[in-house]
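Here's the structure we're looking at; comments come further down.
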Amino acid sequence: MRTNNLHTWLIQARQRLSAFSETPELELQVLAAHELGQTRTWVIAHPALELTYQQEGRLNAMLDQLIQGVPLPYLTGRCEFFGLSFHVSPQVLIPRPETELLVDTALQWLKDHPHRRCVADVGTGSGIIGVTLAHLVPGVSIVATDISAEALEIARENANTHQLEDRIQFVHGDLLHGVSAHFDLICANLPYIPAKTLTKLSVARHEPRIALDGGPDGLDQIQRLVANAEQWITPGGMMLMEIESSQGESAPSLARKYHPNAQISVQEDLSGHPRLLTIQWN
Ligand SMILES: C[S@@+](CC[C@H](N)C(=O)[O-])C[C@H]1O[C@@H](n2cnc3c(N)ncnc32)[C@H](O)[C@@H]1O
């Protein structure tokens, strides 16, 4: 049976995908690079490559999934965050660029507090927050927790890939319950989407509900962690929690209720939306 060369396949696939994606060319190049075990630059440089029957079959099957809305990182199994490559699967949330604000803020705090090196990453998912901090800050030691054993397995794999397994302890459990340590910095990107909003979002069809669903107002898990924070934070410690854009007032007022003497603020992301709740203890 006659197969296409790479160029022809990319053109035909683009015609099919363009109605469903804003960046069809890029996505198809990434898909082809994944299938061929090459880089995207290599794909662009080899338009005349004759695809085998099997390669074209697998590419078309992945294209069908893309058209059905399956996120590209679930097809390639990889996602970039903060310049590092992470393994992802449908068991974990796909890392979002918004989370870079939390990591940036954590890095600045650790720089300003060079003797504070005990960090928690609550709801670690694929491990992006803990792994990135351990990679970039020598001497930092991390406890990363998740209620999903499957997610924790992926986070552990990502720590191993970046040779950080000695610096990150993985704990399967609810928030920080069962962890006896105290932390200078607690980072958490817990599920925060209000349940009703979630029913309207396409992400809910593909990404794990346990990573997204924050209960009626989206604050269920955030409230539980904030309420118990003093069990786990050291004096003068900091807590950073990613929030949904609609929680710019409800999240800090919740934090004020439990910690009236702490300094509480909300930072905006690059799109100008409330995105990060910070609680700094005195
Ligand atoms: C929004 S995802 C964030 C994943 C990752 N930290 C990131 O930034 O991409 C939330 C994560 O919290 C975990 N989670 C949900 N409820 C939890 C709980 N009560 N205790 C610990 N982890 C929880 C989910 O399994 C999921 O991996």
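How things are named: the first chain in the structure tokens is A, the next is B, and so on; residues count from 1 in each chain; ligands count from 1 in the order shown.
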List as JSON lines every residue of chain A that is in contact with ligand 1, defined as an atom at most 9 Å from one of its atoms (using only C-alpha atoms and all ligand atoms), together with the nearest atom pair and the distance in Å rounded to one decimal, sorted by chain and then rising number.
```
{"residue": "A:Gln91", "atom": "CA", "partner": "ligand 1", "partner_atom_place_in_ligand_line": "27 (O)", "distance": 8.1}
{"residue": "A:Val92", "atom": "CA", "partner": "ligand 1", "partner_atom_place_in_ligand_line": "27 (O)", "distance": 5.7}
{"residue": "A:Leu93", "atom": "CA", "partner": "ligand 1", "partner_atom_place_in_ligand_line": "2 (S)", "distance": 5.4}
{"residue": "A:Ile94", "atom": "CA", "partner": "ligand 1", "partner_atom_place_in_ligand_line": "9 (O)", "distance": 6.0}
{"residue": "A:Pro95", "atom": "CA", "partner": "ligand 1", "partner_atom_place_in_ligand_line": "9 (O)", "distance": 4.1}
{"residue": "A:Arg96", "atom": "CA", "partner": "ligand 1", "partner_atom_place_in_ligand_line": "9 (O)", "distance": 6.4}
{"residue": "A:Glu98", "atom": "CA", "partner": "ligand 1", "partner_atom_place_in_ligand_line": "8 (O)", "distance": 8.9}
{"residue": "A:Thr99", "atom": "CA", "partner": "ligand 1", "partner_atom_place_in_ligand_line": "8 (O)", "distance": 6.0}
{"residue": "A:Glu100", "atom": "CA", "partner": "ligand 1", "partner_atom_place_in_ligand_line": "8 (O)", "distance": 8.9}
{"residue": "A:Leu102", "atom": "CA", "partner": "ligand 1", "partner_atom_place_in_ligand_line": "8 (O)", "distance": 9.0}
{"residue": "A:Asp121", "atom": "CA", "partner": "ligand 1", "partner_atom_place_in_ligand_line": "6 (N)", "distance": 7.2}
{"residue": "A:Val122", "atom": "CA", "partner": "ligand 1", "partner_atom_place_in_ligand_line": "21 (C)", "distance": 5.8}
{"residue": "A:Gly123", "atom": "CA", "partner": "ligand 1", "partner_atom_place_in_ligand_line": "12 (O)", "distance": 3.3}
{"residue": "A:Thr124", "atom": "CA", "partner": "ligand 1", "partner_atom_place_in_ligand_line": "6 (N)", "distance": 3.9}
{"residue": "A:Gly125", "atom": "CA", "partner": "ligand 1", "partner_atom_place_in_ligand_line": "27 (O)", "distance": 3.3}
{"residue": "A:Ser126", "atom": "CA", "partner": "ligand 1", "partner_atom_place_in_ligand_line": "5 (C)", "distance": 5.8}
{"residue": "A:Gly127", "atom": "CA", "partner": "ligand 1", "partner_atom_place_in_ligand_line": "5 (C)", "distance": 6.1}
{"residue": "A:Ile128", "atom": "CA", "partner": "ligand 1", "partner_atom_place_in_ligand_line": "7 (C)", "distance": 6.0}
{"residue": "A:Ile129", "atom": "CA", "partner": "ligand 1", "partner_atom_place_in_ligand_line": "6 (N)", "distance": 6.0}
{"residue": "A:Gly130", "atom": "CA", "partner": "ligand 1", "partner_atom_place_in_ligand_line": "6 (N)", "distance": 8.2}
{"residue": "A:Thr145", "atom": "CA", "partner": "ligand 1", "partner_atom_place_in_ligand_line": "21 (C)", "distance": 5.7}
{"residue": "A:Asp146", "atom": "CA", "partner": "ligand 1", "partner_atom_place_in_ligand_line": "22 (N)", "distance": 3.7}
{"residue": "A:Ile147", "atom": "CA", "partner": "ligand 1", "partner_atom_place_in_ligand_line": "22 (N)", "distance": 4.2}
{"residue": "A:Ser148", "atom": "CA", "partner": "ligand 1", "partner_atom_place_in_ligand_line": "25 (O)", "distance": 4.7}
{"residue": "A:Ala149", "atom": "CA", "partner": "ligand 1", "partner_atom_place_in_ligand_line": "25 (O)", "distance": 8.2}
{"residue": "A:Glu150", "atom": "CA", "partner": "ligand 1", "partner_atom_place_in_ligand_line": "25 (O)", "distance": 8.6}
{"residue": "A:Ala151", "atom": "CA", "partner": "ligand 1", "partner_atom_place_in_ligand_line": "27 (O)", "distance": 5.9}
{"residue": "A:Leu152", "atom": "CA", "partner": "ligand 1", "partner_atom_place_in_ligand_line": "27 (O)", "distance": 7.8}
{"residue": "A:His172", "atom": "CA", "partner": "ligand 1", "partner_atom_place_in_ligand_line": "21 (C)", "distance": 7.8}
{"residue": "A:Gly173", "atom": "CA", "partner": "ligand 1", "partner_atom_place_in_ligand_line": "21 (C)", "distance": 5.9}
{"residue": "A:Asp174", "atom": "CA", "partner": "ligand 1", "partner_atom_place_in_ligand_line": "20 (N)", "distance": 3.6}
{"residue": "A:Leu175", "atom": "CA", "partner": "ligand 1", "partner_atom_place_in_ligand_line": "20 (N)", "distance": 3.6}
{"residue": "A:Leu176", "atom": "CA", "partner": "ligand 1", "partner_atom_place_in_ligand_line": "20 (N)", "distance": 7.2}
{"residue": "A:His177", "atom": "CA", "partner": "ligand 1", "partner_atom_place_in_ligand_line": "20 (N)", "distance": 8.5}
{"residue": "A:Cys187", "atom": "CA", "partner": "ligand 1", "partner_atom_place_in_ligand_line": "6 (N)", "distance": 8.7}
{"residue": "A:Ala188", "atom": "CA", "partner": "ligand 1", "partner_atom_place_in_ligand_line": "6 (N)", "distance": 6.7}
{"residue": "A:Asn189", "atom": "CA", "partner": "ligand 1", "partner_atom_place_in_ligand_line": "3 (C)", "distance": 4.8}
{"residue": "A:Leu190", "atom": "CA", "partner": "ligand 1", "partner_atom_place_in_ligand_line": "10 (C)", "distance": 4.1}
{"residue": "A:Pro191", "atom": "CA", "partner": "ligand 1", "partner_atom_place_in_ligand_line": "1 (C)", "distance": 4.4}
{"residue": "A:Tyr192", "atom": "CA", "partner": "ligand 1", "partner_atom_place_in_ligand_line": "1 (C)", "distance": 7.0}
{"residue": "A:Ile193", "atom": "CA", "partner": "ligand 1", "partner_atom_place_in_ligand_line": "1 (C)", "distance": 8.8}
{"residue": "A:Pro208", "atom": "CA", "partner": "ligand 1", "partner_atom_place_in_ligand_line": "25 (O)", "distance": 7.7}
{"residue": "A:Arg209", "atom": "CA", "partner": "ligand 1", "partner_atom_place_in_ligand_line": "24 (C)", "distance": 8.3}
{"residue": "A:Ile210", "atom": "CA", "partner": "ligand 1", "partner_atom_place_in_ligand_line": "24 (C)", "distance": 5.2}
{"residue": "A:Ala211", "atom": "CA", "partner": "ligand 1", "partner_atom_place_in_ligand_line": "26 (C)", "distance": 3.8}
{"residue": "A:Leu212", "atom": "CA", "partner": "ligand 1", "partner_atom_place_in_ligand_line": "1 (C)", "distance": 5.5}
{"residue": "A:Asp213", "atom": "CA", "partner": "ligand 1", "partner_atom_place_in_ligand_line": "15 (C)", "distance": 8.2}
{"residue": "A:Gly214", "atom": "CA", "partner": "ligand 1", "partner_atom_place_in_ligand_line": "16 (N)", "distance": 8.3}
{"residue": "A:Gln221", "atom": "CA", "partner": "ligand 1", "partner_atom_place_in_ligand_line": "19 (N)", "distance": 6.0}
{"residue": "A:Arg224", "atom": "CA", "partner": "ligand 1", "partner_atom_place_in_ligand_line": "19 (N)", "distance": 8.3}
{"residue": "A:Leu225", "atom": "CA", "partner": "ligand 1", "partner_atom_place_in_ligand_line": "19 (N)", "distance": 8.6}
{"residue": "A:Glu242", "atom": "CA", "partner": "ligand 1", "partner_atom_place_in_ligand_line": "8 (O)", "distance": 8.3}
```
> Quick one: DSSP strand (DSSP E or B) residues in region 158-274 of chain A, as JSON, numbers by chain?
Replying inline: {"A": [168, 169, 170, 171, 172, 183, 184, 185, 186, 187, 188, 193, 213, 233, 234, 235, 236, 237, 238, 239, 240, 241, 242, 263, 264, 265, 266, 267, 268, 274]}
> Skipping near chain neighbours, those fewer than 4 positions away, what residues fall within 10 Å of Glu268 (chain A) using only C-alpha atoms, listed as a list in words?
Replying inline: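 Listed by chain and then number, they are Glu98, Leu101, Ser245, Gly248, Gly272, His273, Pro274, Arg275, Leu276 and Leu277 of chain A.
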File of the preceding selection, N, CA and C atoms, as an mmCIF file, in the first residue's frame:
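What follows is the written file again_16.cif:
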```cif
data_model
loop_
_atom_site.group_PDB
_atom_site.id
_atom_site.type_symbol
_atom_site.label_atom_id
_atom_site.label_comp_id
_atom_site.auth_asym_id
_atom_site.auth_seq_id
_atom_site.Cartn_x
_atom_site.Cartn_y
_atom_site.Cartn_z
ATOM 1 N N GLU A 98 0.624 29.080 34.121
ATOM 2 C CA GLU A 98 0.235 29.930 35.275
ATOM 3 C C GLU A 98 1.002 29.529 36.544
ATOM 4 N N LEU A 101 4.180 31.279 38.150
ATOM 5 C CA LEU A 101 4.131 32.378 39.124
ATOM 6 C C LEU A 101 4.435 31.856 40.533
ATOM 7 N N SER A 245 -9.042 32.381 39.159
ATOM 8 C CA SER A 245 -9.143 33.833 38.989
ATOM 9 C C SER A 245 -10.351 34.427 39.720
ATOM 10 N N GLY A 248 -10.038 35.774 43.940
ATOM 11 C CA GLY A 248 -9.154 36.864 44.361
ATOM 12 C C GLY A 248 -9.588 37.534 45.662
ATOM 13 N N GLY A 272 -3.130 39.173 34.199
ATOM 14 C CA GLY A 272 -3.779 40.117 35.114
ATOM 15 C C GLY A 272 -4.880 39.489 35.955
ATOM 16 N N HIS A 273 -4.903 38.161 36.059
ATOM 17 C CA HIS A 273 -5.916 37.489 36.881
ATOM 18 C C HIS A 273 -5.324 37.113 38.241
ATOM 19 N N PRO A 274 -6.121 37.238 39.319
ATOM 20 C CA PRO A 274 -5.648 36.756 40.619
ATOM 21 C C PRO A 274 -5.233 35.292 40.485
ATOM 22 N N ARG A 275 -4.057 34.937 40.960
ATOM 23 C CA ARG A 275 -3.579 33.561 40.713
ATOM 24 C C ARG A 275 -2.854 32.933 41.891
ATOM 25 N N LEU A 276 -2.319 33.794 42.798
ATOM 26 C CA LEU A 276 -1.492 33.207 43.859
ATOM 27 C C LEU A 276 -1.828 33.840 45.207
ATOM 28 N N LEU A 277 -2.232 33.000 46.143
ATOM 29 C CA LEU A 277 -2.475 33.444 47.522
ATOM 30 C C LEU A 277 -1.179 33.236 48.311
#
```
> Smallest atom-to-atom distance to Ala227 (chain A): which of A:Glu25, A:Ala106, A:Pro260, A:Leu201, using only C-alpha atoms?
Replying inline: A:Pro260
